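K.L.:
I am sharing upload_34.txt, which consists of compact mmCIF, C-alpha atoms and all ligand atoms:
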```
# COMPACT_ATOMS: atom_id res chain seq x y z
CA MET A 1 165.55 -162.06 -39.22
CA SER A 2 166.74 -158.82 -37.64
CA ARG A 3 164.41 -155.81 -37.47
CA TYR A 4 167.32 -153.84 -38.87
CA GLU A 5 168.27 -156.16 -41.75
CA LYS A 6 168.19 -153.63 -44.62
CA SER A 7 170.11 -151.09 -42.55
CA GLU A 8 172.81 -153.68 -41.97
CA ILE A 9 172.99 -154.59 -45.67
CA ILE A 10 173.32 -150.93 -46.72
CA TYR A 11 175.88 -150.33 -43.98
CA LYS A 12 178.03 -153.19 -45.32
CA GLU A 13 177.88 -151.46 -48.70
CA ALA A 14 178.56 -148.05 -47.11
CA VAL A 15 181.84 -149.10 -45.48
CA LYS A 16 183.26 -149.95 -48.89
CA TYR A 17 182.92 -146.37 -50.10
CA ILE A 18 182.77 -144.08 -47.06
CA PRO A 19 185.24 -144.18 -44.13
CA GLY A 20 183.41 -146.09 -41.41
CA GLY A 21 180.32 -146.01 -43.60
CA VAL A 22 179.25 -142.59 -42.33
CA ASN A 23 179.82 -138.91 -43.01
CA SER A 24 180.13 -137.95 -39.34
CA PRO A 25 181.58 -140.34 -36.74
CA VAL A 26 178.82 -140.40 -34.10
CA ARG A 27 176.41 -141.77 -36.71
CA ALA A 28 178.41 -145.01 -36.89
CA PHE A 29 176.76 -146.18 -33.61
CA GLN A 30 180.19 -147.48 -32.51
CA ASN A 31 179.60 -146.19 -29.01
CA VAL A 32 176.53 -148.36 -28.65
CA GLY A 33 178.04 -151.45 -30.22
CA MET A 34 175.90 -151.87 -33.32
CA HIS A 35 175.69 -150.90 -36.96
CA PRO A 36 173.95 -147.63 -37.83
CA ILE A 37 170.26 -147.39 -38.66
CA MET A 38 169.68 -146.03 -42.15
CA ILE A 39 166.93 -143.43 -42.22
CA ASP A 40 164.41 -143.32 -45.02
CA SER A 41 162.18 -140.40 -44.06
CA ALA A 42 160.87 -138.33 -41.19
CA MET A 43 157.74 -136.45 -40.20
CA GLY A 44 156.98 -134.47 -37.05
CA SER A 45 158.55 -136.25 -34.09
CA ARG A 46 159.02 -139.50 -36.01
CA LEU A 47 161.80 -141.10 -38.01
CA LYS A 48 161.31 -144.05 -40.34
CA ASP A 49 164.19 -146.36 -41.24
CA ILE A 50 164.64 -148.31 -44.46
CA ASP A 51 163.30 -151.49 -42.81
CA GLY A 52 160.04 -149.63 -42.12
CA ASN A 53 160.62 -149.29 -38.35
CA GLU A 54 159.32 -146.08 -36.81
CA TYR A 55 161.00 -144.18 -33.98
CA ILE A 56 160.23 -141.22 -31.77
CA ASP A 57 163.24 -139.08 -32.61
CA TYR A 58 165.32 -137.53 -29.82
CA ILE A 59 168.25 -136.60 -32.07
CA GLY A 60 166.48 -134.02 -34.23
CA SER A 61 169.46 -133.84 -36.59
CA TRP A 62 171.50 -132.94 -33.47
CA GLY A 63 169.58 -129.74 -32.86
CA PRO A 64 168.24 -128.05 -36.00
CA MET A 65 164.82 -129.73 -36.12
CA ILE A 66 163.33 -127.80 -33.23
CA LEU A 67 159.95 -127.69 -35.02
CA GLY A 68 160.09 -131.40 -35.82
CA HIS A 69 160.61 -132.89 -39.26
CA ARG A 70 159.00 -131.45 -42.37
CA ASP A 71 157.13 -128.68 -40.61
CA PRO A 72 154.76 -127.47 -43.37
CA ARG A 73 155.76 -123.81 -42.85
CA ILE A 74 159.41 -124.68 -43.41
CA VAL A 75 158.72 -126.94 -46.39
CA GLU A 76 156.58 -124.30 -48.08
CA THR A 77 159.20 -121.60 -47.52
CA MET A 78 161.89 -123.86 -48.95
CA GLN A 79 159.78 -124.67 -52.02
CA GLU A 80 159.08 -121.00 -52.68
CA ALA A 81 162.77 -120.17 -52.39
CA MET A 82 163.76 -123.06 -54.64
CA ALA A 83 161.35 -121.94 -57.34
CA LYS A 84 163.40 -118.73 -57.69
CA GLY A 85 166.90 -120.19 -57.80
CA ILE A 86 169.24 -122.42 -55.84
CA SER A 87 172.55 -120.60 -55.57
CA TYR A 88 174.02 -117.48 -57.18
CA GLY A 89 177.30 -116.69 -55.48
CA LEU A 90 176.16 -113.07 -55.55
CA PRO A 91 174.48 -111.08 -52.79
CA THR A 92 170.75 -111.32 -52.12
CA GLU A 93 168.28 -109.32 -50.06
CA ILE A 94 167.46 -112.37 -48.01
CA GLU A 95 171.00 -112.45 -46.55
CA VAL A 96 170.44 -108.93 -45.27
CA GLU A 97 167.15 -110.05 -43.72
CA MET A 98 168.91 -112.94 -41.98
CA ALA A 99 171.70 -110.73 -40.64
CA LYS A 100 169.14 -108.19 -39.40
CA LEU A 101 167.10 -110.91 -37.73
CA ILE A 102 170.10 -112.30 -35.88
CA THR A 103 171.23 -108.87 -34.73
CA GLU A 104 167.71 -108.14 -33.48
CA SER A 105 167.64 -111.45 -31.60
CA TYR A 106 171.10 -111.53 -30.05
CA PRO A 107 173.51 -108.84 -28.75
CA VAL A 108 175.70 -108.58 -31.86
CA ASP A 109 175.86 -105.68 -34.33
CA MET A 110 177.01 -107.57 -37.41
CA VAL A 111 177.11 -111.17 -38.62
CA ARG A 112 178.82 -113.16 -41.31
CA MET A 113 177.11 -116.29 -42.63
CA VAL A 114 179.09 -119.50 -43.16
CA ASN A 115 178.12 -123.13 -43.86
CA SER A 116 178.63 -125.00 -40.59
CA GLY A 117 179.27 -124.58 -36.89
CA THR A 118 182.87 -125.63 -37.50
CA GLU A 119 183.39 -122.77 -39.92
CA ALA A 120 181.76 -120.33 -37.53
CA THR A 121 184.05 -121.14 -34.58
CA MET A 122 187.15 -121.42 -36.76
CA SER A 123 186.47 -118.00 -38.30
CA ALA A 124 185.63 -116.40 -34.94
CA ILE A 125 188.96 -117.59 -33.55
CA ARG A 126 190.86 -116.23 -36.53
CA LEU A 127 189.07 -112.92 -36.04
CA ALA A 128 189.88 -112.89 -32.31
CA ARG A 129 193.54 -113.49 -33.12
CA GLY A 130 193.51 -110.82 -35.81
CA TYR A 131 191.81 -108.30 -33.55
CA THR A 132 193.99 -108.84 -30.49
CA GLY A 133 197.24 -109.64 -32.27
CA ARG A 134 197.66 -112.61 -29.89
CA ASP A 135 198.20 -116.28 -30.73
CA LYS A 136 196.84 -118.32 -27.85
CA ILE A 137 193.26 -119.38 -27.25
CA LEU A 138 191.62 -120.96 -24.22
CA LYS A 139 188.97 -123.66 -24.46
CA PHE A 140 187.38 -126.05 -21.98
CA GLU A 141 187.76 -129.77 -21.78
CA GLY A 142 184.60 -131.54 -22.93
CA ASN A 143 183.37 -128.55 -24.94
CA TYR A 144 183.09 -129.27 -28.66
CA HIS A 145 183.38 -126.54 -31.25
CA GLY A 146 183.65 -128.50 -34.48
CA HIS A 147 186.71 -130.00 -36.06
CA SER A 148 189.11 -127.19 -36.94
CA ASP A 149 192.71 -127.91 -35.89
CA SER A 150 192.96 -125.42 -33.02
CA LEU A 151 189.88 -126.84 -31.35
CA LEU A 152 190.67 -130.56 -31.54
CA VAL A 153 192.64 -130.37 -28.33
CA LYS A 154 191.83 -131.63 -24.86
CA SER A 155 193.46 -131.20 -21.51
CA GLY A 156 196.99 -132.45 -20.99
CA SER A 157 198.41 -133.59 -17.67
CA GLY A 158 197.90 -131.29 -14.68
CA THR A 159 201.33 -129.67 -14.80
CA ILE A 160 201.05 -128.21 -18.28
CA THR A 161 198.56 -125.68 -19.50
CA HIS A 162 198.48 -126.55 -23.17
CA GLY A 163 196.66 -129.67 -24.18
CA VAL A 164 197.00 -132.79 -26.28
CA ALA A 165 195.50 -133.32 -29.72
CA THR A 166 192.36 -135.41 -30.03
CA SER A 167 193.13 -136.10 -33.67
CA LEU A 168 196.12 -137.14 -35.70
CA GLY A 169 197.29 -134.39 -38.01
CA VAL A 170 197.03 -131.56 -35.49
CA THR A 171 200.53 -130.12 -35.26
CA GLU A 172 202.54 -129.53 -32.10
CA LYS A 173 202.67 -125.80 -32.87
CA ILE A 174 198.89 -125.59 -32.95
CA ILE A 175 198.57 -127.54 -29.71
CA GLN A 176 200.92 -125.12 -27.99
CA ASP A 177 198.58 -122.26 -28.77
CA THR A 178 195.46 -124.02 -27.47
CA LEU A 179 195.19 -123.88 -23.70
CA VAL A 180 192.67 -126.10 -22.01
CA ALA A 181 190.93 -125.46 -18.69
CA ARG A 182 188.37 -127.31 -16.60
CA TYR A 183 184.75 -126.31 -17.24
CA ASN A 184 183.00 -124.55 -14.37
CA ASP A 185 186.36 -124.04 -12.63
CA LEU A 186 187.18 -120.33 -12.52
CA GLU A 187 190.30 -120.91 -10.39
CA ASP A 188 191.79 -123.04 -13.16
CA VAL A 189 191.17 -120.23 -15.66
CA LYS A 190 192.66 -117.62 -13.31
CA ARG A 191 195.77 -119.74 -12.88
CA ILE A 192 196.27 -119.90 -16.64
CA PHE A 193 195.67 -116.17 -17.06
CA GLU A 194 198.13 -115.31 -14.30
CA ASP A 195 200.69 -117.33 -16.24
CA CYS A 196 200.10 -115.96 -19.76
CA GLY A 197 196.81 -114.00 -19.87
CA ARG A 198 198.18 -111.19 -22.06
CA LYS A 199 199.00 -113.72 -24.78
CA ILE A 200 195.44 -115.13 -24.93
CA ALA A 201 193.31 -113.86 -27.81
CA CYS A 202 190.04 -115.43 -26.72
CA ILE A 203 188.17 -117.76 -24.43
CA ILE A 204 185.70 -119.93 -26.33
CA LEU A 205 183.04 -122.00 -24.59
CA GLU A 206 179.61 -123.56 -24.80
CA PRO A 207 177.64 -121.55 -22.22
CA ILE A 208 175.51 -124.66 -21.73
CA ALA A 209 177.75 -127.58 -22.65
CA ALA A 210 175.93 -130.33 -24.54
CA ASN A 211 178.76 -132.32 -26.08
CA MET A 212 179.89 -134.24 -23.00
CA GLY A 213 176.32 -135.06 -22.15
CA LEU A 214 174.53 -132.07 -20.74
CA VAL A 215 176.58 -129.98 -18.31
CA ALA A 216 175.25 -126.50 -17.68
CA GLY A 217 177.62 -123.60 -17.22
CA GLU A 218 177.30 -122.06 -13.76
CA GLU A 219 176.44 -118.40 -13.37
CA ASP A 220 179.51 -117.41 -11.32
CA PHE A 221 181.74 -119.20 -13.78
CA ILE A 222 180.32 -117.51 -16.90
CA ARG A 223 180.24 -114.07 -15.25
CA GLY A 224 183.76 -114.65 -13.94
CA LEU A 225 185.00 -115.39 -17.44
CA ARG A 226 183.54 -112.08 -18.62
CA ASP A 227 185.47 -110.25 -15.87
CA ILE A 228 188.72 -112.04 -16.66
CA CYS A 229 188.36 -111.21 -20.36
CA ASN A 230 187.71 -107.55 -19.52
CA GLU A 231 190.78 -107.43 -17.29
CA TYR A 232 193.15 -109.01 -19.79
CA GLY A 233 191.78 -107.57 -23.08
CA THR A 234 190.83 -111.10 -24.19
CA LEU A 235 187.72 -111.69 -26.31
CA LEU A 236 184.94 -113.88 -24.91
CA ILE A 237 183.37 -116.14 -27.54
CA PHE A 238 180.10 -117.93 -26.85
CA ASP A 239 179.63 -121.00 -29.01
CA GLU A 240 175.85 -120.94 -29.29
CA VAL A 241 175.70 -123.55 -32.04
CA ILE A 242 173.50 -125.73 -29.82
CA SER A 243 172.30 -123.30 -27.15
CA GLY A 244 171.38 -120.40 -29.45
CA PHE A 245 167.66 -120.23 -30.27
CA ARG A 246 167.15 -123.57 -28.54
CA ILE A 247 167.51 -123.39 -24.77
CA LYS A 248 166.25 -119.85 -24.84
CA PHE A 249 165.68 -117.68 -27.89
CA GLY A 250 168.66 -115.53 -26.89
CA GLY A 251 170.86 -118.52 -25.94
CA GLY A 252 173.55 -118.27 -23.29
CA ALA A 253 173.68 -114.47 -23.52
CA GLU A 254 170.04 -114.33 -22.39
CA ILE A 255 170.42 -117.04 -19.76
CA PHE A 256 173.46 -115.51 -18.06
CA LYS A 257 172.85 -111.88 -19.02
CA VAL A 258 176.42 -111.76 -20.25
CA LYS A 259 177.35 -110.17 -23.57
CA PRO A 260 180.11 -112.07 -25.35
CA ASP A 261 182.48 -110.25 -27.72
CA LEU A 262 181.77 -112.78 -30.45
CA ALA A 263 179.10 -115.46 -30.81
CA CYS A 264 178.85 -118.48 -33.10
CA PHE A 265 175.64 -120.01 -34.40
CA GLY A 266 174.64 -123.00 -36.50
CA LYS A 267 172.06 -125.80 -36.53
CA ILE A 268 168.72 -124.05 -35.79
CA ILE A 269 169.48 -120.95 -37.85
CA GLY A 270 169.46 -123.08 -41.00
CA GLY A 271 166.22 -124.94 -40.28
CA GLY A 272 167.97 -128.16 -41.38
CA PHE A 273 170.19 -126.70 -44.11
CA PRO A 274 173.99 -126.54 -43.67
CA VAL A 275 174.52 -123.16 -42.04
CA GLY A 276 176.64 -121.33 -39.51
CA ALA A 277 177.22 -117.71 -38.55
CA TYR A 278 179.47 -115.62 -36.35
CA GLY A 279 178.87 -112.14 -35.12
CA GLY A 280 179.99 -109.45 -32.73
CA SER A 281 180.29 -105.73 -32.26
CA LYS A 282 180.86 -103.48 -35.26
CA GLY A 283 184.37 -102.59 -34.10
CA ILE A 284 185.45 -106.24 -34.21
CA MET A 285 183.42 -107.44 -37.20
CA GLU A 286 184.70 -104.63 -39.42
CA LEU A 287 188.04 -106.38 -39.35
CA VAL A 288 186.60 -109.19 -41.53
CA SER A 289 187.39 -109.02 -45.26
CA PRO A 290 186.63 -107.18 -47.49
CA LEU A 291 186.60 -104.36 -44.90
CA GLY A 292 189.55 -105.56 -42.86
CA GLY A 293 192.52 -107.85 -42.90
CA VAL A 294 190.96 -111.06 -41.51
CA TYR A 295 190.20 -113.23 -44.52
CA GLN A 296 187.15 -115.46 -44.60
CA ALA A 297 184.94 -116.48 -47.54
CA GLY A 298 182.54 -119.16 -48.82
CA THR A 299 181.14 -120.18 -52.23
CA LEU A 300 177.81 -121.25 -50.77
CA SER A 301 177.73 -118.89 -47.77
CA GLY A 302 174.36 -117.15 -47.44
CA ASN A 303 172.75 -119.70 -49.74
CA PRO A 304 169.19 -118.55 -50.54
CA LEU A 305 167.51 -121.85 -49.60
CA ALA A 306 169.31 -121.99 -46.28
CA MET A 307 168.60 -118.32 -45.58
CA SER A 308 164.89 -118.62 -46.39
CA THR A 309 164.26 -121.68 -44.25
CA GLY A 310 166.54 -120.39 -41.51
CA ILE A 311 164.72 -117.07 -41.32
CA LYS A 312 161.37 -118.84 -41.20
CA ASN A 313 162.61 -121.12 -38.42
CA ILE A 314 163.88 -118.19 -36.33
CA GLU A 315 160.73 -116.12 -36.95
CA ILE A 316 158.49 -118.98 -35.83
CA LEU A 317 160.54 -119.33 -32.64
CA ARG A 318 160.53 -115.57 -32.04
CA ASP A 319 156.76 -115.28 -32.52
CA ASN A 320 155.85 -118.39 -30.51
CA PRO A 321 157.63 -118.38 -27.15
CA ASN A 322 155.21 -121.15 -26.12
CA ILE A 323 157.45 -123.49 -28.17
CA TYR A 324 160.16 -123.17 -25.51
CA GLU A 325 157.57 -123.74 -22.79
CA HIS A 326 156.33 -126.86 -24.57
CA ILE A 327 159.84 -128.25 -24.99
CA THR A 328 160.81 -127.54 -21.39
CA LYS A 329 157.54 -129.06 -20.15
CA SER A 330 158.20 -132.20 -22.20
CA ALA A 331 161.78 -132.38 -20.90
CA LYS A 332 160.58 -132.01 -17.31
CA LYS A 333 158.03 -134.74 -17.83
CA LEU A 334 160.71 -137.03 -19.27
CA GLU A 335 162.97 -136.22 -16.33
CA GLU A 336 160.26 -137.02 -13.77
CA GLY A 337 159.34 -140.24 -15.54
CA PHE A 338 162.96 -141.36 -15.88
CA VAL A 339 163.72 -140.54 -12.24
CA ALA A 340 160.70 -142.55 -11.05
CA ASN A 341 161.80 -145.47 -13.24
CA ILE A 342 165.38 -145.27 -11.94
CA GLN A 343 164.07 -145.45 -8.38
CA ALA A 344 161.67 -148.30 -9.20
CA THR A 345 164.29 -150.42 -10.95
CA GLY A 346 167.29 -149.56 -8.76
CA VAL A 347 169.50 -148.84 -11.81
CA LYS A 348 172.39 -146.52 -11.03
CA ALA A 349 171.67 -143.52 -13.20
CA MET A 350 170.88 -139.83 -13.00
CA VAL A 351 169.09 -137.30 -15.18
CA VAL A 352 170.77 -133.95 -15.80
CA ARG A 353 168.40 -131.40 -17.31
CA TYR A 354 168.63 -127.74 -18.20
CA GLU A 355 165.41 -126.26 -19.60
CA GLY A 356 164.58 -128.41 -22.64
CA LEU A 357 167.86 -130.35 -22.89
CA LEU A 358 168.71 -133.43 -20.86
CA THR A 359 171.03 -136.40 -20.55
CA LEU A 360 170.45 -139.67 -18.75
CA PHE A 361 173.85 -140.49 -17.25
CA PHE A 362 174.46 -144.07 -16.12
CA GLY A 363 176.77 -144.86 -13.22
CA GLU A 364 177.31 -143.76 -9.64
CA GLY A 365 177.79 -140.04 -10.46
CA LYS A 366 175.78 -137.50 -8.50
CA ASP A 367 177.31 -134.27 -9.71
CA TYR A 368 178.05 -133.42 -13.33
CA ARG A 369 180.01 -130.18 -13.53
CA ASN A 370 182.89 -130.93 -15.87
CA TYR A 371 184.64 -133.45 -18.10
CA ASP A 372 186.21 -135.35 -15.20
CA ASP A 373 182.74 -135.95 -13.77
CA VAL A 374 181.24 -137.22 -17.01
CA GLN A 375 184.17 -139.56 -17.57
CA LYS A 376 182.86 -141.62 -14.67
CA ALA A 377 179.64 -142.44 -16.55
CA ASP A 378 178.97 -146.09 -17.32
CA THR A 379 179.07 -146.15 -21.12
CA ALA A 380 178.53 -149.93 -21.32
CA MET A 381 175.21 -149.55 -19.49
CA TYR A 382 174.26 -146.70 -21.80
CA ALA A 383 174.97 -148.88 -24.83
CA LYS A 384 172.68 -151.60 -23.51
CA TYR A 385 170.02 -149.03 -22.69
CA PHE A 386 170.24 -147.46 -26.14
CA ARG A 387 169.63 -150.80 -27.86
CA GLN A 388 166.66 -151.60 -25.64
CA MET A 389 165.14 -148.20 -26.40
CA LEU A 390 165.76 -148.63 -30.13
CA ASP A 391 163.93 -151.97 -30.10
CA ARG A 392 161.00 -150.15 -28.51
CA GLY A 393 160.88 -147.48 -31.21
CA ILE A 394 162.77 -144.73 -29.40
CA MET A 395 165.78 -143.13 -31.10
CA CYS A 396 168.08 -141.82 -28.37
CA PRO A 397 171.48 -140.31 -29.19
CA PRO A 398 173.88 -143.20 -29.94
CA SER A 399 176.37 -142.03 -27.32
CA GLN A 400 176.29 -141.41 -23.57
CA PHE A 401 177.94 -138.03 -24.10
CA GLU A 402 175.16 -136.29 -26.01
CA ALA A 403 171.93 -134.56 -25.06
CA ILE A 404 168.37 -135.50 -25.92
CA PHE A 405 166.79 -133.03 -28.35
CA ILE A 406 163.05 -132.45 -28.06
CA SER A 407 161.00 -130.57 -30.65
CA SER A 408 157.68 -128.74 -30.65
CA ALA A 409 156.30 -131.73 -32.58
CA HIS A 410 156.76 -134.13 -29.65
CA THR A 411 153.35 -134.85 -28.16
CA ASP A 412 152.37 -135.86 -24.63
CA GLU A 413 151.71 -139.30 -26.05
CA ASP A 414 155.30 -139.45 -27.41
CA ILE A 415 156.67 -138.51 -24.00
CA GLU A 416 154.49 -141.06 -22.20
CA LYS A 417 155.47 -143.80 -24.63
CA THR A 418 159.13 -142.90 -24.09
CA ILE A 419 158.75 -143.09 -20.31
CA ARG A 420 157.12 -146.52 -20.59
CA ALA A 421 159.92 -147.72 -22.89
CA ASN A 422 162.49 -146.28 -20.47
CA LYS A 423 161.02 -148.32 -17.62
CA GLU A 424 161.07 -151.55 -19.62
CA ALA A 425 164.61 -150.85 -20.86
CA LEU A 426 165.87 -150.16 -17.32
CA GLN A 427 164.17 -153.34 -16.09
CA VAL A 428 165.92 -155.41 -18.77
CA ILE A 429 169.39 -153.93 -18.29
CA SER A 430 169.22 -154.14 -14.50
CA GLN A 431 168.90 -157.93 -14.65
C1 LIG B 501 178.55 -126.45 -29.69
C2 LIG B 501 178.96 -126.84 -31.07
N1 LIG B 501 179.79 -126.05 -31.76
C3 LIG B 501 180.18 -126.35 -33.00
C4 LIG B 501 179.74 -127.49 -33.63
C5 LIG B 501 180.17 -127.82 -35.01
O1 LIG B 501 179.11 -127.64 -35.89
P1 LIG B 501 179.07 -128.41 -37.29
O2 LIG B 501 178.88 -129.85 -36.99
O3 LIG B 501 177.89 -127.78 -38.01
O4 LIG B 501 180.34 -128.13 -37.99
C6 LIG B 501 178.87 -128.36 -32.96
C7 LIG B 501 178.40 -129.59 -33.58
O5 LIG B 501 177.78 -130.43 -33.00
C8 LIG B 501 178.47 -128.02 -31.64
O6 LIG B 501 177.65 -128.81 -30.94
```
Please render this file's structure as structure tokens.

P.N.:
Amino acid sequence: MSRYEKSEIIYKEAVKYIPGGVNSPVRAFQNVGMHPIMIDSAMGSRLKDIDGNEYIDYIGSWGPMILGHRDPRIVETMQEAMAKGISYGLPTEIEVEMAKLITESYPVDMVRMVNSGTEATMSAIRLARGYTGRDKILKFEGNYHGHSDSLLVKSGSGTITHGVATSLGVTEKIIQDTLVARYNDLEDVKRIFEDCGRKIACIILEPIAANMGLVAGEEDFIRGLRDICNEYGTLLIFDEVISGFRIKFGGGAEIFKVKPDLACFGKIIGGGFPVGAYGGSKGIMELVSPLGGVYQAGTLSGNPLAMSTGIKNIEILRDNPNIYEHITKSAKKLEEGFVANIQATGVKAMVVRYEGLLTLFFGEGKDYRNYDDVQKADTAMYAKYFRQMLDRGIMCPPSQFEAIFISSAHTDEDIEKTIRANKEALQVISQ
């Protein structure tokens, strides 16, 4: 009998009613060649599945659970908020508190709350277009900004600057307005700007890219983008949906000491509730309706439960900088353990880490700077590795092209157990 029998049974039921059995594709575990694990509950650094198996969780809901699962401070805040009301569709004081907190934490003057990272980036792009009166946008291959049409585009062949859709249903007209450049390659960006820079409304990027595995933005590159945007009157948008409040409290803006024109947030700022936000200087944000002509709205935007838990989450992070130290220390320890295991077993793999985020890339690669580099990773080896780790009670991301998320709830014991499991898994897959 499989350890994952109930998960498999529920999955067979799920595929009858939900496309692919899941509500977001990566959860289908397709990339690691198995059916998904159905989660029953979670506490601290641990997940429990419906078969009763326990895992040390390195997904953390893909970022939001930076304090671990069911942190008592978050649960209590949520319960207090819920006792007052769930949703009004009218303004509340707590939304003002949230907006103030974000503006005190990040170099933006005003913010608008939305319900997901996708909404945040989509709205920021509309605002950039409205503000500049330009149609084109520039993104980077391997950066993910959610699933709005303009952003589901990757690089085309070398001779053209606009890209190709990564989804059916994205129209040719939209593709023509989305230019795609190579990450960490300023020359590529300059070439595109020399061609049509005055038509480009914005550059959007993940300052620390974590959706092609972890690939950190380089300082010269990020600073260079700021200069190009200044020269051409193009807005610079930092997508801080992962990096904001996680890698450092002040995200990419703090890391690179670069002020973007607009920034997008999500994940952590909701403490586990569906939330997003975008913000920028007053002069730009005042163009958003009802003040200005850029329309954007949301029935559940600024939801009181999400605002309460989100504020609590951000306040805990602000008041306890040791959380970042703990997470980075744990990540470093994982890195050292994994590297020693790689050397001991002779498996071809490499750890890429930036502060508290890391990815274990399989394959011959030695340098991970952009999408072309990560494409060389050995995804079949990763799939084998993932399954070995799962059997040992470690929940890694079910794809080679994701980062490991560590929380303040991960203990030294968790990290040591993970390193031991990593060694055994590498031993098995190297045979
Ligand atoms: C950097 C980044 N931006 C945007 C998004 C989209 O956020 P959401 O899934 O909340 O729509 C994600 C999601 O993973 C992300 O990682």

K.L.:
If I take atom CA of Ile316 of chain A and atom CA of Gly44 of chain A, how far is one from the other in Å, to one decimal?

P.N.:
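The value is 15.6 Å.
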
K.L.:
For the interface of chain A with ligand LIG 501 (chain B) (cut-off 8 Å, counting all atoms listed in the file), please tabulate each contacting residue of chain A alongside its nearest pair of atoms and their separation in Å to one decimal, rows sorted by chain and increasing number, as JSON lines.

P.N.:
```
{"residue": "A:Trp62", "atom": "CA", "partner": "B:LIG501", "partner_atom": "O5", "distance": 6.8}
{"residue": "A:Asn115", "atom": "CA", "partner": "B:LIG501", "partner_atom": "O3", "distance": 7.5}
{"residue": "A:Ser116", "atom": "CA", "partner": "B:LIG501", "partner_atom": "O3", "distance": 3.9}
{"residue": "A:Gly117", "atom": "CA", "partner": "B:LIG501", "partner_atom": "O1", "distance": 3.2}
{"residue": "A:Thr118", "atom": "CA", "partner": "B:LIG501", "partner_atom": "O4", "distance": 3.6}
{"residue": "A:Glu119", "atom": "CA", "partner": "B:LIG501", "partner_atom": "O4", "distance": 6.5}
{"residue": "A:Ala120", "atom": "CA", "partner": "B:LIG501", "partner_atom": "C3", "distance": 7.7}
{"residue": "A:Thr121", "atom": "CA", "partner": "B:LIG501", "partner_atom": "C3", "distance": 6.7}
{"residue": "A:Asn143", "atom": "CA", "partner": "B:LIG501", "partner_atom": "C1", "distance": 7.1}
{"residue": "A:Tyr144", "atom": "CA", "partner": "B:LIG501", "partner_atom": "C2", "distance": 5.4}
{"residue": "A:His145", "atom": "CA", "partner": "B:LIG501", "partner_atom": "C3", "distance": 3.7}
{"residue": "A:Gly146", "atom": "CA", "partner": "B:LIG501", "partner_atom": "C5", "distance": 3.6}
{"residue": "A:His147", "atom": "CA", "partner": "B:LIG501", "partner_atom": "O4", "distance": 6.9}
{"residue": "A:Glu206", "atom": "CA", "partner": "B:LIG501", "partner_atom": "C1", "distance": 5.8}
{"residue": "A:Ala209", "atom": "CA", "partner": "B:LIG501", "partner_atom": "C1", "distance": 7.2}
{"residue": "A:Ala210", "atom": "CA", "partner": "B:LIG501", "partner_atom": "O6", "distance": 6.8}
{"residue": "A:Asn211", "atom": "CA", "partner": "B:LIG501", "partner_atom": "O6", "distance": 6.1}
{"residue": "A:Asp239", "atom": "CA", "partner": "B:LIG501", "partner_atom": "C1", "distance": 5.6}
{"residue": "A:Glu240", "atom": "CA", "partner": "B:LIG501", "partner_atom": "C1", "distance": 6.1}
{"residue": "A:Val241", "atom": "CA", "partner": "B:LIG501", "partner_atom": "C1", "distance": 4.7}
{"residue": "A:Ile242", "atom": "CA", "partner": "B:LIG501", "partner_atom": "C1", "distance": 5.1}
{"residue": "A:Ser243", "atom": "CA", "partner": "B:LIG501", "partner_atom": "C1", "distance": 7.4}
{"residue": "A:Cys264", "atom": "CA", "partner": "B:LIG501", "partner_atom": "N1", "distance": 7.7}
{"residue": "A:Phe265", "atom": "CA", "partner": "B:LIG501", "partner_atom": "N1", "distance": 7.8}
{"residue": "A:Gly266", "atom": "CA", "partner": "B:LIG501", "partner_atom": "O3", "distance": 6.0}
{"residue": "A:Lys267", "atom": "CA", "partner": "B:LIG501", "partner_atom": "O3", "distance": 6.3}
{"residue": "A:Pro274", "atom": "CA", "partner": "B:LIG501", "partner_atom": "O3", "distance": 7.0}
{"residue": "A:Val275", "atom": "CA", "partner": "B:LIG501", "partner_atom": "O3", "distance": 7.0}
{"residue": "A:Gly276", "atom": "CA", "partner": "B:LIG501", "partner_atom": "O3", "distance": 6.7}
```

K.L.:
From the set A:Glu402, A:Asp49, A:Asp185, A:Glu172, which residue has the shortest atom-to-atom contact distance to Arg223 of chain A, counting only C-alpha atoms?

P.N.:
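The answer is A:Asp185, which sits nearest to Arg223 of chain A.
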
K.L.:
Could you give me, as a PyMOL selection string, the residues that sit within 7 Å of (181.3, -112.5, -19.3) in the file's coordinates, counting all atoms listed in the file?

P.N.:
chain A and resi 222-227+236+258-260

K.L.:
Would you kindly return, as a ChimeraX atom specification, each protein, DNA or RNA residue with an atom no farther than 9 Å from any atom of segment 367-377 of chain A, considering all atoms listed in the file and excluding same-chain residues fewer than 6 positions away?

P.N.:
/A:140-143,182-185,212-218,349,352,361,400-401

K.L.:
Go ahead and compute the interatomic distance for atom CA of Lys16 of chain A and atom CA of Ile39 of chain A, in Å to one decimal.

P.N.:
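Atom-to-atom, atom CA of Lys16 of chain A to atom CA of Ile39 of chain A, that is 18.8 Å.
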
K.L.:
If you measure from atom CA of Ile327 of chain A to atom CA of Thr359 of chain A, what distance in Å do you get, rounded to one decimal?

P.N.:
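Interatomic distance, atom CA of Ile327 of chain A to atom CA of Thr359 of chain A: 14.5 Å.
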
K.L.:
Write out as JSON an axis-aligned box for segment 3-21 of chain A: all of its atoms listed in the file, 5 Å added on each side, centre and edge lengths in Å with one decimal.

P.N.:
```
{"center_x": 174.8, "center_y": -150.1, "center_z": -43.8, "size_x": 30.8, "size_y": 22.1, "size_z": 22.6}
```

K.L.:
Kindly provide, as a list in words, the polymer residues lying within 12 Å of (164.9, -150.8, -10.2), counting only C-alpha atoms and using the coordinates exactly as they appear in the file.

P.N.:
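In the file's frame, the residues around the point are Phe338, Val339, Ala340, Asn341, Ile342, Gln343, Ala344, Thr345, Gly346, Val347, Lys348, Ala349, Asn422, Lys423, Glu424, Ala425, Leu426, Gln427, Val428, Ile429, Ser430 and Gln431 of chain A.
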